[in-house]
$ cat structure-v1.txt   # compact mmCIF, C-alpha atoms and all ligand atoms
# COMPACT_ATOMS: atom_id res chain seq x y z
CA MET O 1 20.00 -16.01 39.09
CA LEU O 2 16.29 -16.92 39.19
CA SER O 3 14.31 -17.19 36.01
CA LYS O 4 11.39 -14.94 37.03
CA ILE O 5 10.47 -12.77 40.02
CA THR O 6 7.15 -10.93 40.19
CA VAL O 7 6.65 -7.82 42.27
CA VAL O 8 2.98 -7.14 43.02
CA GLY O 9 2.22 -3.44 43.48
CA ALA O 10 4.07 -0.95 41.30
CA GLY O 11 3.96 1.87 43.84
CA ASN O 12 6.94 3.30 45.69
CA VAL O 13 8.14 0.11 47.39
CA GLY O 14 7.24 -2.22 44.50
CA ALA O 15 8.79 -0.17 41.71
CA THR O 16 11.98 0.47 43.69
CA THR O 17 12.17 -3.24 44.52
CA ALA O 18 11.87 -4.15 40.82
CA GLN O 19 14.61 -1.68 39.95
CA ARG O 20 16.96 -3.02 42.64
CA LEU O 21 16.26 -6.65 41.59
CA ALA O 22 17.10 -5.80 37.98
CA GLU O 23 20.19 -3.79 38.85
CA LYS O 24 21.47 -6.73 40.91
CA SER O 25 20.60 -9.16 38.07
CA LEU O 26 18.78 -11.46 40.48
CA ALA O 27 16.41 -12.79 37.78
CA ARG O 28 16.21 -13.10 34.02
CA THR O 29 12.77 -11.44 34.09
CA VAL O 30 11.16 -9.15 36.64
CA VAL O 31 7.40 -8.69 36.27
CA LEU O 32 5.65 -5.71 37.88
CA VAL O 33 1.91 -6.17 38.43
CA ASP O 34 -0.50 -3.42 39.51
CA VAL O 35 -4.20 -2.68 39.15
CA ILE O 36 -3.60 0.81 37.75
CA GLU O 37 -3.66 0.68 33.98
CA GLY O 38 -0.40 1.77 32.37
CA VAL O 39 1.59 2.34 35.56
CA PRO O 40 3.38 -1.05 35.79
CA GLN O 41 3.90 -1.05 32.00
CA GLY O 42 5.35 2.48 32.05
CA LYS O 43 7.59 1.93 35.07
CA GLY O 44 8.73 -1.47 33.77
CA LEU O 45 9.63 -0.04 30.36
CA ASP O 46 11.41 2.94 31.94
CA GLN O 47 13.50 0.55 34.08
CA TRP O 48 14.30 -1.71 31.12
CA GLU O 49 15.49 1.37 29.21
CA SER O 50 18.03 1.98 31.99
CA ALA O 51 19.56 -1.48 31.36
CA PRO O 52 22.13 -0.39 28.73
CA ILE O 53 23.38 2.32 31.12
CA GLU O 54 23.32 0.25 34.31
CA GLY O 55 24.58 -2.86 32.52
CA PHE O 56 21.94 -5.47 33.38
CA ASP O 57 20.08 -7.87 31.10
CA THR O 58 17.06 -8.47 33.33
CA ARG O 59 13.89 -7.74 31.37
CA VAL O 60 11.43 -5.69 33.41
CA ILE O 61 7.86 -6.14 32.24
CA GLY O 62 4.72 -4.43 33.54
CA ALA O 63 1.21 -5.91 33.51
CA ASN O 64 -2.28 -5.54 34.94
CA ASP O 65 -2.87 -9.31 35.02
CA TYR O 66 -0.93 -12.36 36.16
CA GLY O 67 -0.38 -13.94 32.73
CA PRO O 68 3.23 -12.73 32.45
CA ALA O 69 3.81 -13.73 36.11
CA ALA O 70 3.12 -17.43 35.45
CA GLY O 71 5.97 -19.66 36.58
CA SER O 72 7.60 -17.06 38.85
CA GLU O 73 9.93 -18.63 41.40
CA ALA O 74 9.44 -15.73 43.80
CA PHE O 75 6.90 -12.99 44.49
CA VAL O 76 7.35 -9.82 46.50
CA VAL O 77 3.93 -8.54 47.57
CA THR O 78 3.77 -4.77 48.09
CA ALA O 79 0.17 -4.19 47.00
CA GLY O 80 -1.92 -2.13 49.32
CA ILE O 81 -2.34 1.35 50.55
CA ALA O 82 0.50 3.04 52.41
CA ARG O 83 0.22 4.51 55.88
CA LYS O 84 -0.79 8.18 56.02
CA PRO O 85 0.36 10.64 58.74
CA GLY O 86 -1.27 9.86 62.06
CA MET O 87 -2.49 6.47 60.83
CA SER O 88 -1.27 3.38 62.68
CA ARG O 89 -0.23 0.27 60.78
CA ASP O 90 -3.22 -1.47 62.29
CA ASP O 91 -5.65 1.06 60.77
CA LEU O 92 -4.69 -0.36 57.43
CA VAL O 93 -5.64 -3.90 58.27
CA ARG O 94 -9.03 -4.43 56.67
CA THR O 95 -8.37 -2.65 53.38
CA ASN O 96 -5.04 -4.33 52.87
CA ALA O 97 -6.33 -7.77 53.91
CA ASP O 98 -8.86 -7.66 51.05
CA ILE O 99 -6.17 -6.60 48.59
CA VAL O 100 -3.69 -9.26 49.78
CA LYS O 101 -6.41 -11.93 49.70
CA GLN O 102 -7.09 -11.20 46.06
CA VAL O 103 -3.36 -11.09 45.22
CA SER O 104 -2.77 -14.42 47.01
CA GLN O 105 -5.47 -16.16 44.98
CA GLN O 106 -3.77 -14.98 41.79
CA ILE O 107 -0.32 -16.10 42.98
CA LYS O 108 -1.63 -19.56 43.84
CA GLN O 109 -3.05 -19.92 40.33
CA ALA O 110 -0.12 -18.39 38.43
CA SER O 111 2.76 -20.03 40.32
CA PRO O 112 1.78 -22.75 42.82
CA ASN O 113 5.42 -23.50 43.71
CA ALA O 114 6.58 -19.93 44.31
CA ILE O 115 8.20 -18.42 47.38
CA VAL O 116 6.26 -15.37 48.59
CA ILE O 117 7.85 -12.48 50.48
CA VAL O 118 5.16 -10.25 51.93
CA VAL O 119 5.82 -6.54 52.45
CA SER O 120 2.29 -5.06 52.67
CA ASN O 121 1.24 -3.77 56.10
CA PRO O 122 0.26 -4.63 58.73
CA LEU O 123 3.00 -7.07 57.87
CA ASP O 124 2.55 -9.97 60.26
CA VAL O 125 -1.17 -10.18 59.59
CA MET O 126 -0.77 -9.89 55.79
CA CYS O 127 1.69 -12.83 55.95
CA TRP O 128 -1.01 -14.87 57.70
CA VAL O 129 -3.63 -13.87 55.08
CA THR O 130 -1.21 -14.94 52.31
CA LYS O 131 -0.45 -18.28 53.98
CA GLN O 132 -4.13 -19.03 54.57
CA VAL O 133 -5.26 -18.12 51.05
CA THR O 134 -2.39 -19.72 49.10
CA GLY O 135 -2.19 -22.77 51.39
CA PHE O 136 1.60 -22.67 50.86
CA PRO O 137 3.82 -24.06 53.66
CA ARG O 138 5.62 -21.67 56.02
CA GLU O 139 8.88 -22.32 54.16
CA ARG O 140 7.38 -20.42 51.21
CA VAL O 141 5.48 -17.55 52.88
CA PHE O 142 7.29 -15.09 55.09
CA GLY O 143 7.55 -11.37 55.58
CA MET O 144 9.98 -8.48 55.37
CA ALA O 145 10.13 -6.25 58.43
CA GLY O 146 13.04 -7.30 60.63
CA VAL O 147 15.66 -6.60 57.96
CA LEU O 148 14.35 -3.04 57.63
CA ASP O 149 13.96 -2.49 61.38
CA THR O 150 17.47 -3.87 61.93
CA ALA O 151 18.91 -1.65 59.19
CA ARG O 152 17.36 1.39 60.85
CA TYR O 153 18.74 0.34 64.25
CA ARG O 154 22.20 -0.28 62.75
CA SER O 155 22.22 3.06 60.93
CA PHE O 156 21.33 4.96 64.13
CA LEU O 157 24.03 3.09 66.08
CA ALA O 158 26.66 3.77 63.40
CA GLU O 159 25.75 7.46 63.55
CA ALA O 160 25.93 7.61 67.36
CA LEU O 161 29.30 5.81 67.47
CA ASP O 162 30.69 7.36 64.28
CA VAL O 163 31.70 3.93 62.94
CA SER O 164 31.00 1.99 59.76
CA VAL O 165 27.55 0.42 59.43
CA ASP O 166 29.43 -2.73 58.34
CA ASP O 167 30.73 -3.19 61.87
CA ILE O 168 27.35 -3.08 63.61
CA GLN O 169 25.87 -6.55 64.12
CA ALA O 170 22.33 -6.53 65.40
CA MET O 171 18.92 -8.10 65.15
CA VAL O 172 15.41 -6.72 65.70
CA LEU O 173 12.75 -9.34 66.44
CA GLY O 174 9.02 -9.33 67.18
CA GLY O 175 6.09 -7.92 65.29
CA HIS O 176 6.51 -5.06 62.82
CA GLY O 177 5.01 -2.34 64.93
CA ASP O 178 5.65 -0.18 67.92
CA THR O 179 6.22 -3.37 69.97
CA MET O 180 9.20 -4.64 67.92
CA VAL O 181 12.10 -6.01 70.00
CA PRO O 182 15.62 -4.74 69.22
CA LEU O 183 17.96 -7.27 70.88
CA VAL O 184 20.39 -5.00 72.71
CA SER O 185 22.05 -8.01 74.37
CA TYR O 186 23.10 -9.34 70.93
CA THR O 187 24.17 -6.00 69.48
CA THR O 188 27.91 -5.73 68.90
CA VAL O 189 30.40 -3.46 67.21
CA SER O 190 32.88 -5.84 65.59
CA GLY O 191 32.22 -8.26 68.44
CA ILE O 192 32.31 -5.67 71.24
CA PRO O 193 29.01 -5.56 73.15
CA VAL O 194 27.37 -2.22 72.37
CA THR O 195 26.57 -1.82 76.08
CA GLN O 196 30.33 -1.23 76.62
CA LEU O 197 30.32 1.64 74.13
CA LEU O 198 27.05 3.47 74.73
CA ASP O 199 25.33 4.23 78.03
CA LYS O 200 21.82 2.98 78.75
CA ALA O 201 20.15 6.35 78.20
CA LYS O 202 21.65 6.69 74.69
CA LEU O 203 20.79 3.07 73.82
CA ASP O 204 17.22 3.50 75.05
CA LYS O 205 16.86 6.55 72.82
CA ILE O 206 18.12 4.61 69.78
CA VAL O 207 15.81 1.68 70.53
CA ASP O 208 12.92 4.11 70.77
CA ARG O 209 13.85 5.82 67.51
CA THR O 210 14.04 2.38 65.82
CA ARG O 211 10.56 1.49 67.06
CA ASN O 212 9.25 4.71 65.54
CA GLY O 213 11.44 4.59 62.42
CA GLY O 214 8.54 4.22 60.00
CA ALA O 215 6.54 7.04 61.59
CA GLU O 216 9.60 9.36 61.50
CA ILE O 217 9.74 9.04 57.70
CA VAL O 218 5.96 9.39 57.31
CA ALA O 219 6.07 12.62 59.33
CA PHE O 220 8.68 14.04 56.91
CA LEU O 221 7.05 12.88 53.68
CA LYS O 222 3.48 13.83 54.66
CA THR O 223 2.13 11.70 51.81
CA GLY O 224 3.29 8.10 51.52
CA SER O 225 5.79 6.18 53.60
CA ALA O 226 9.38 4.92 53.39
CA TYR O 227 10.49 2.97 50.36
CA TYR O 228 14.25 3.19 49.73
CA ALA O 229 15.23 1.19 52.83
CA PRO O 230 12.15 -1.10 52.66
CA SER O 231 12.89 -2.08 49.05
CA ALA O 232 16.57 -2.64 49.86
CA ALA O 233 15.49 -4.92 52.73
CA ALA O 234 13.13 -6.99 50.55
CA VAL O 235 15.84 -7.35 47.91
CA GLN O 236 18.37 -8.56 50.48
CA MET O 237 15.95 -11.38 51.31
CA VAL O 238 15.42 -12.24 47.62
CA GLU O 239 19.18 -12.20 47.09
CA SER O 240 19.76 -14.76 49.84
CA ILE O 241 17.15 -17.00 48.17
CA ALA O 242 18.21 -16.46 44.54
CA LEU O 243 21.91 -17.02 45.29
CA ASP O 244 21.22 -19.68 47.94
CA LYS O 245 23.37 -17.64 50.32
CA LYS O 246 21.73 -19.04 53.47
CA ARG O 247 21.95 -15.71 55.22
CA VAL O 248 20.56 -15.43 58.73
CA LEU O 249 18.10 -12.55 58.62
CA PRO O 250 15.23 -11.52 60.87
CA CYS O 251 12.01 -12.39 59.01
CA ALA O 252 8.35 -12.62 59.92
CA ALA O 253 7.88 -16.40 60.11
CA TRP O 254 4.91 -18.62 61.00
CA LEU O 255 5.71 -19.96 64.45
CA GLU O 256 4.87 -23.48 65.57
CA GLY O 257 6.17 -23.43 69.14
CA GLU O 258 9.43 -21.59 68.55
CA TYR O 259 10.07 -18.95 71.22
CA GLY O 260 7.02 -20.37 73.04
CA LEU O 261 4.69 -18.93 70.38
CA SER O 262 2.38 -20.61 67.86
CA GLY O 263 -0.27 -19.72 65.36
CA ILE O 264 1.14 -16.31 64.52
CA TYR O 265 3.69 -14.61 62.29
CA CYS O 266 6.45 -12.94 64.27
CA GLY O 267 9.94 -11.65 63.51
CA VAL O 268 12.61 -14.27 64.37
CA PRO O 269 16.08 -15.14 63.01
CA CYS O 270 15.67 -17.22 59.82
CA LYS O 271 18.02 -18.89 57.39
CA LEU O 272 17.01 -18.02 53.81
CA GLY O 273 18.17 -20.14 50.87
CA ARG O 274 16.95 -21.52 47.58
CA LYS O 275 14.18 -23.49 49.34
CA GLY O 276 12.93 -20.35 51.07
CA LEU O 277 12.81 -20.25 54.86
CA GLU O 278 15.15 -23.16 55.57
CA GLN O 279 15.49 -22.84 59.34
CA ILE O 280 14.29 -20.78 62.28
CA LEU O 281 17.16 -20.18 64.69
CA GLN O 282 16.33 -20.14 68.36
CA VAL O 283 18.48 -17.89 70.52
CA GLU O 284 18.37 -17.37 74.26
CA LEU O 285 16.59 -14.21 75.31
CA SER O 286 16.79 -12.24 78.54
CA ALA O 287 13.66 -12.12 80.72
CA ASP O 288 12.96 -8.57 79.48
CA GLU O 289 13.37 -9.58 75.83
CA LYS O 290 11.09 -12.61 76.32
CA ALA O 291 8.43 -10.41 77.87
CA ALA O 292 8.77 -7.86 75.05
CA LEU O 293 8.44 -10.62 72.43
CA ALA O 294 5.30 -11.99 74.12
CA LYS O 295 3.83 -8.47 74.23
CA SER O 296 4.65 -8.00 70.55
CA ALA O 297 3.03 -11.35 69.69
CA ASN O 298 -0.12 -10.32 71.55
CA ALA O 299 -0.30 -7.13 69.49
CA VAL O 300 -0.12 -9.26 66.30
CA LYS O 301 -2.89 -11.57 67.59
CA GLU O 302 -5.15 -8.59 68.34
CA THR O 303 -4.72 -7.29 64.78
CA MET O 304 -5.38 -10.78 63.35
CA ALA O 305 -8.69 -10.81 65.19
CA ALA O 306 -9.82 -7.80 63.11
CA VAL O 307 -9.59 -9.81 59.88
CA LYS O 308 -12.26 -12.26 58.73
CA LEU O 309 -10.98 -14.72 56.14
N1 LIG O 401 7.01 -4.39 55.81
C1 LIG O 401 7.58 -3.21 55.84
O1 LIG O 401 8.54 -3.01 56.56
C2 LIG O 401 7.05 -2.11 54.96
C3 LIG O 401 7.82 -0.98 54.68
C4 LIG O 401 7.31 0.01 53.83
C5 LIG O 401 6.03 -0.13 53.30
N2 LIG O 401 5.29 -1.23 53.62
C6 LIG O 401 3.95 -1.42 53.08
O2 LIG O 401 4.07 -1.76 51.70
C7 LIG O 401 2.87 -1.40 51.01
C8 LIG O 401 3.21 -0.57 49.78
O3 LIG O 401 3.76 0.68 50.13
P1 LIG O 401 4.06 1.78 49.01
O4 LIG O 401 4.73 2.91 49.68
O5 LIG O 401 4.69 1.14 47.83
O6 LIG O 401 2.57 2.19 48.63
P2 LIG O 401 2.07 2.77 47.22
O7 LIG O 401 0.73 3.34 47.49
O8 LIG O 401 3.12 3.63 46.61
O9 LIG O 401 1.92 1.47 46.30
C9 LIG O 401 0.98 0.48 46.49
C10 LIG O 401 0.55 -0.02 45.13
O10 LIG O 401 -0.29 -1.16 45.30
C11 LIG O 401 -1.19 -1.13 44.22
N3 LIG O 401 -2.33 -2.01 44.44
C12 LIG O 401 -3.45 -1.80 45.19
N4 LIG O 401 -4.27 -2.88 45.09
C13 LIG O 401 -3.65 -3.78 44.29
C14 LIG O 401 -3.97 -5.07 43.84
N5 LIG O 401 -5.11 -5.66 44.21
N6 LIG O 401 -3.10 -5.71 43.03
C15 LIG O 401 -1.93 -5.13 42.65
N7 LIG O 401 -1.58 -3.89 43.06
C16 LIG O 401 -2.41 -3.24 43.88
C17 LIG O 401 -1.58 0.35 44.12
O11 LIG O 401 -2.17 0.63 42.87
C18 LIG O 401 -0.22 1.01 44.32
O12 LIG O 401 0.42 1.27 43.08
C19 LIG O 401 2.02 -0.66 52.06
O13 LIG O 401 1.10 -1.56 52.64
C20 LIG O 401 3.04 -0.22 53.08
O14 LIG O 401 2.47 0.01 54.35
C21 LIG O 401 5.78 -2.21 54.42
$ encode --input "structure-v1.txt" --output "structure tokens" --more "lines below"
Ligand SMILES: NC(=O)c1ccc[n+]([C@@H]2O[C@H](COP(=O)([O-])OP(=O)(O)OC[C@H]3O[C@@H](n4cnc5c(N)ncnc54)[C@H](O)[C@@H]3O)[C@@H](O)[C@H]2O)c1
Amino acid sequence: MLSKITVVGAGNVGATTAQRLAEKSLARTVVLVDVIEGVPQGKGLDQWESAPIEGFDTRVIGANDYGPAAGSEAFVVTAGIARKPGMSRDDLVRTNADIVKQVSQQIKQASPNAIVIVVSNPLDVMCWVTKQVTGFPRERVFGMAGVLDTARYRSFLAEALDVSVDDIQAMVLGGHGDTMVPLVSYTTVSGIPVTQLLDKAKLDKIVDRTRNGGAEIVAFLKTGSAYYAPSAAAVQMVESIALDKKRVLPCAAWLEGEYGLSGIYCGVPCKLGRKGLEQILQVELSADEKAALAKSANAVKETMAAVKL
């Protein structure tokens, strides 16, 4: 168990993340910070009042400043505005960059040794903003996207094959956008290559649905975007850190030559433990997958160019 985790942004993703962290007892204290007066305090208190029923002792505290966040070992950054119908992730870039810049300055002051998991979109670019502003090493600034994209891919495959989600092993790499790269060649069902169980047309459809997974939810909700699966994904990353599980999860990591890419955040397989991002694993990719990853990286670079730090 960590001593303190702070979730910045008490909206849909942030509040659900705080609740999941508390229910899993991953920290002694969970702090929710938001700019809206009363909202983090109200949601934090409401969650704490569920403790006797759910059986956790994690104190959930809400605040509009970073005083209570001081000394946090980990931050989950969800501050920003959510995507609206018809809006691409990249449309969000300038507004959210300003918000994340301001949040990063506060994190650096409140907890200079913290690990920061970025969730705000456009994800890969917000990770870069956080790294630049905090000056933290790449081991302590990385992003959540691949765990969510992979969960969506796995859920669609489990549905198509009518098997347990537990038996679908898969990984989605690349940027968090329409150019993400589901690795079909590494997708197995209890070790059986998925290509032996589903024909190409069906697999292509599932890959396509995965790429548009966020937009599918936005189209249903009309206002706001997904938060149950995104918060579960962020919490899985925190859990691997808090419990030093050393899970291998796809995370947006700052690349320094891995996969032939540098100077960008991109989704790659990472080992997460108590020190944060402890290792980037390099796997062999097919020519098609390599090309898709390069295309995805280019899309991230183009969005980075829109932000002035
Ligand atoms: N990486 C992913 O896979 C993924 C998945 C889902 C959502 N997201 C992103 O996460 C972010 C949050 O989504 P949401 O659905 O919770 O949105 P939301 O609108 O429900 O919540 C965002 C919250 O951030 C707060 N906020 C704004 N500026 C702030 C600041 N300077 N400091 C602290 N809080 C601030 C707002 O008041 C609001 O409560 C969005 O950018 C969304 O696109 C990313």
$ residues_near_ligand --input "structure-v1.txt" --ligand "ligand LIG 401 (chain O)" --cutoff "8 Å" --atoms "all atoms listed in the file" --output "number ranges by chain"
O: 8-15, 33-36, 39, 64, 77-83, 89, 92, 96, 99-100, 102-103, 118-123, 143-146, 148-149, 176, 214, 224-227, 229-231
$ residues_around --input "structure-v1.txt" --residues "range 256-271 of chain O" --least-positions-apart "4" --cutoff "9 Å" --atoms "only C-alpha atoms" --output "number ranges by chain"
O: 123-125, 127-128, 142-146, 171-176, 180-181, 240, 245-252, 276-284, 290, 293-294, 296-297, 300-301, 304
$ write_last_selection --input "structure-v1.txt" --atoms "C-alpha atoms" --output "PDB file, in the frame of the given file"
ATOM      1  CA  LEU O 123       3.000  -7.070  57.870  1.00  0.00           C
ATOM      2  CA  ASP O 124       2.550  -9.970  60.260  1.00  0.00           C
ATOM      3  CA  VAL O 125      -1.170 -10.180  59.590  1.00  0.00           C
ATOM      4  CA  CYS O 127       1.690 -12.830  55.950  1.00  0.00           C
ATOM      5  CA  TRP O 128      -1.010 -14.870  57.700  1.00  0.00           C
ATOM      6  CA  PHE O 142       7.290 -15.090  55.090  1.00  0.00           C
ATOM      7  CA  GLY O 143       7.550 -11.370  55.580  1.00  0.00           C
ATOM      8  CA  MET O 144       9.980  -8.480  55.370  1.00  0.00           C
ATOM      9  CA  ALA O 145      10.130  -6.250  58.430  1.00  0.00           C
ATOM     10  CA  GLY O 146      13.040  -7.300  60.630  1.00  0.00           C
ATOM     11  CA  MET O 171      18.920  -8.100  65.150  1.00  0.00           C
ATOM     12  CA  VAL O 172      15.410  -6.720  65.700  1.00  0.00           C
ATOM     13  CA  LEU O 173      12.750  -9.340  66.440  1.00  0.00           C
ATOM     14  CA  GLY O 174       9.020  -9.330  67.180  1.00  0.00           C
ATOM     15  CA  GLY O 175       6.090  -7.920  65.290  1.00  0.00           C
ATOM     16  CA  HIS O 176       6.510  -5.060  62.820  1.00  0.00           C
ATOM     17  CA  MET O 180       9.200  -4.640  67.920  1.00  0.00           C
ATOM     18  CA  VAL O 181      12.100  -6.010  70.000  1.00  0.00           C
ATOM     19  CA  SER O 240      19.760 -14.760  49.840  1.00  0.00           C
ATOM     20  CA  LYS O 245      23.370 -17.640  50.320  1.00  0.00           C
ATOM     21  CA  LYS O 246      21.730 -19.040  53.470  1.00  0.00           C
ATOM     22  CA  ARG O 247      21.950 -15.710  55.220  1.00  0.00           C
ATOM     23  CA  VAL O 248      20.560 -15.430  58.730  1.00  0.00           C
ATOM     24  CA  LEU O 249      18.100 -12.550  58.620  1.00  0.00           C
ATOM     25  CA  PRO O 250      15.230 -11.520  60.870  1.00  0.00           C
ATOM     26  CA  CYS O 251      12.010 -12.390  59.010  1.00  0.00           C
ATOM     27  CA  ALA O 252       8.350 -12.620  59.920  1.00  0.00           C
ATOM     28  CA  GLY O 276      12.930 -20.350  51.070  1.00  0.00           C
ATOM     29  CA  LEU O 277      12.810 -20.250  54.860  1.00  0.00           C
ATOM     30  CA  GLU O 278      15.150 -23.160  55.570  1.00  0.00           C
ATOM     31  CA  GLN O 279      15.490 -22.840  59.340  1.00  0.00           C
ATOM     32  CA  ILE O 280      14.290 -20.780  62.280  1.00  0.00           C
ATOM     33  CA  LEU O 281      17.160 -20.180  64.690  1.00  0.00           C
ATOM     34  CA  GLN O 282      16.330 -20.140  68.360  1.00  0.00           C
ATOM     35  CA  VAL O 283      18.480 -17.890  70.520  1.00  0.00           C
ATOM     36  CA  GLU O 284      18.370 -17.370  74.260  1.00  0.00           C
ATOM     37  CA  LYS O 290      11.090 -12.610  76.320  1.00  0.00           C
ATOM     38  CA  LEU O 293       8.440 -10.620  72.430  1.00  0.00           C
ATOM     39  CA  ALA O 294       5.300 -11.990  74.120  1.00  0.00           C
ATOM     40  CA  SER O 296       4.650  -8.000  70.550  1.00  0.00           C
ATOM     41  CA  ALA O 297       3.030 -11.350  69.690  1.00  0.00           C
ATOM     42  CA  VAL O 300      -0.120  -9.260  66.300  1.00  0.00           C
ATOM     43  CA  LYS O 301      -2.890 -11.570  67.590  1.00  0.00           C
ATOM     44  CA  MET O 304      -5.380 -10.780  63.350  1.00  0.00           C
TER      45      MET O 304
END
$ closest_residue --input "structure-v1.txt" --among "O:Asp46, O:Ile217, O:Lys222, O:Ala232" --to "Thr16 in chain O" --atoms "only C-alpha atoms"
O:Ala232
$ closest_residue --input "structure-v1.txt" --among "O:Ala70, O:Ala158, O:Ala22, O:Val147" --to "Glu54 in chain O" --atoms "all atoms listed in the file"
O:Ala22
$ residues_around --input "structure-v1.txt" --residues "range 47-53 of chain O" --least-positions-apart "5" --cutoff "10 Å" --atoms "all atoms listed in the file" --output "ChimeraX atom specification"
/O:15-16,18-20,22-23,30,41-42,58-61
$ axis_aligned_box --input "structure-v1.txt" --around "range 257-263 of chain O" --padding-each-side "6 Å" --output "lines of an AutoDock Vina configuration file"
center_x = 4.9
center_y = -21.2
center_z = 69.2
size_x = 22.3
size_y = 16.5
size_z = 19.7
$ closest_residue --input "structure-v1.txt" --among "O:Glu302, O:Ala74, O:Leu197, O:Val133" --to "Val163 in chain O" --atoms "all atoms listed in the file"
O:Leu197
$ residues_around --input "structure-v1.txt" --residues "Glu73 in chain O" --least-positions-apart "6" --cutoff "9 Å" --atoms "all atoms listed in the file" --output "MDAnalysis selection string"
chainID O and resid 2:6 111 113:116
$ write_last_selection --input "structure-v1.txt" --atoms "C-alpha atoms" --output "mmCIF file, in the frame of the given file"
data_model
loop_
_atom_site.group_PDB
_atom_site.id
_atom_site.type_symbol
_atom_site.label_atom_id
_atom_site.label_comp_id
_atom_site.auth_asym_id
_atom_site.auth_seq_id
_atom_site.Cartn_x
_atom_site.Cartn_y
_atom_site.Cartn_z
ATOM 1 C CA LEU O 2 16.290 -16.920 39.190
ATOM 2 C CA SER O 3 14.310 -17.190 36.010
ATOM 3 C CA LYS O 4 11.390 -14.940 37.030
ATOM 4 C CA ILE O 5 10.470 -12.770 40.020
ATOM 5 C CA THR O 6 7.150 -10.930 40.190
ATOM 6 C CA SER O 111 2.760 -20.030 40.320
ATOM 7 C CA ASN O 113 5.420 -23.500 43.710
ATOM 8 C CA ALA O 114 6.580 -19.930 44.310
ATOM 9 C CA ILE O 115 8.200 -18.420 47.380
ATOM 10 C CA VAL O 116 6.260 -15.370 48.590
#
$ atom_distance --input "structure-v1.txt" --atom1 "CA of Met126 in chain O" --atom2 "CA of Ala97 in chain O"
6.2 Å
$ closest_residue --input "structure-v1.txt" --among "O:Thr130, O:Ser286, O:Thr187, O:Ser164" --to "Val76 in chain O" --atoms "all atoms listed in the file"
O:Thr130
$ closest_residue --input "structure-v1.txt" --among "O:Ala287, O:Ala219, O:Leu309, O:Leu21" --to "Gln236 in chain O" --atoms "only C-alpha atoms"
O:Leu21
$ closest_residue --input "structure-v1.txt" --among "O:Ala242, O:Phe156, O:Ile192, O:Met237" --to "Asp204 in chain O" --atoms "only C-alpha atoms"
O:Phe156
$ atom_distance --input "structure-v1.txt" --atom1 "CA of Leu32 in chain O" --atom2 "CA of Gly44 in chain O"
6.7 Å
$ residues_near_point --input "structure-v1.txt" --point "(-1.0, -24.0, 40.1)" --cutoff "12 Å" --atoms "all atoms listed in the file" --output "list in words"
Ala70, Gly71, Ser72, Ser104, Gln105, Gln106, Ile107, Lys108, Gln109, Ala110, Ser111, Pro112, Asn113, Ala114, Thr134, Gly135 and Phe136 of chain O
$ write_last_selection --input "structure-v1.txt" --atoms "C-alpha atoms" --output "compact mmCIF listing (two decimals), in the frame of the given file"
# COMPACT_ATOMS: atom_id res chain seq x y z
CA ALA O 70 3.12 -17.43 35.45
CA GLY O 71 5.97 -19.66 36.58
CA SER O 72 7.60 -17.06 38.85
CA SER O 104 -2.77 -14.42 47.01
CA GLN O 105 -5.47 -16.16 44.98
CA GLN O 106 -3.77 -14.98 41.79
CA ILE O 107 -0.32 -16.10 42.98
CA LYS O 108 -1.63 -19.56 43.84
CA GLN O 109 -3.05 -19.92 40.33
CA ALA O 110 -0.12 -18.39 38.43
CA SER O 111 2.76 -20.03 40.32
CA PRO O 112 1.78 -22.75 42.82
CA ASN O 113 5.42 -23.50 43.71
CA ALA O 114 6.58 -19.93 44.31
CA THR O 134 -2.39 -19.72 49.10
CA GLY O 135 -2.19 -22.77 51.39
CA PHE O 136 1.60 -22.67 50.86
$ decode --input "structure-v1.txt" --residues "range 136-144 of chain O" --atoms "N, CA and C atoms" --output "PDB file, in the first residue's frame"
ATOM      1  N   PHE O 136      10.802  15.704 -14.513  1.00  0.00           N
ATOM      2  CA  PHE O 136      10.984  14.353 -13.962  1.00  0.00           C
ATOM      3  C   PHE O 136      11.537  13.430 -15.055  1.00  0.00           C
ATOM      4  N   PRO O 137      12.286  12.374 -14.647  1.00  0.00           N
ATOM      5  CA  PRO O 137      12.792  11.428 -15.645  1.00  0.00           C
ATOM      6  C   PRO O 137      11.670  10.564 -16.219  1.00  0.00           C
ATOM      7  N   ARG O 138      11.951   9.884 -17.326  1.00  0.00           N
ATOM      8  CA  ARG O 138      10.885   9.112 -17.995  1.00  0.00           C
ATOM      9  C   ARG O 138      10.364   7.966 -17.132  1.00  0.00           C
ATOM     10  N   GLU O 139      11.193   7.531 -16.175  1.00  0.00           N
ATOM     11  CA  GLU O 139      10.762   6.459 -15.263  1.00  0.00           C
ATOM     12  C   GLU O 139       9.582   6.909 -14.407  1.00  0.00           C
ATOM     13  N   ARG O 140       9.411   8.255 -14.272  1.00  0.00           N
ATOM     14  CA  ARG O 140       8.358   8.756 -13.383  1.00  0.00           C
ATOM     15  C   ARG O 140       7.255   9.545 -14.090  1.00  0.00           C
ATOM     16  N   VAL O 141       7.275   9.561 -15.422  1.00  0.00           N
ATOM     17  CA  VAL O 141       6.169  10.204 -16.164  1.00  0.00           C
ATOM     18  C   VAL O 141       5.788   9.321 -17.347  1.00  0.00           C
ATOM     19  N   PHE O 142       4.621   8.742 -17.286  1.00  0.00           N
ATOM     20  CA  PHE O 142       4.156   7.919 -18.398  1.00  0.00           C
ATOM     21  C   PHE O 142       2.632   7.957 -18.444  1.00  0.00           C
ATOM     22  N   GLY O 143       2.086   7.408 -19.525  1.00  0.00           N
ATOM     23  CA  GLY O 143       0.654   7.629 -19.744  1.00  0.00           C
ATOM     24  C   GLY O 143      -0.168   6.356 -19.863  1.00  0.00           C
ATOM     25  N   MET O 144      -1.451   6.515 -19.540  1.00  0.00           N
ATOM     26  CA  MET O 144      -2.419   5.423 -19.671  1.00  0.00           C
ATOM     27  C   MET O 144      -3.170   5.565 -20.990  1.00  0.00           C
TER      28      MET O 144
END
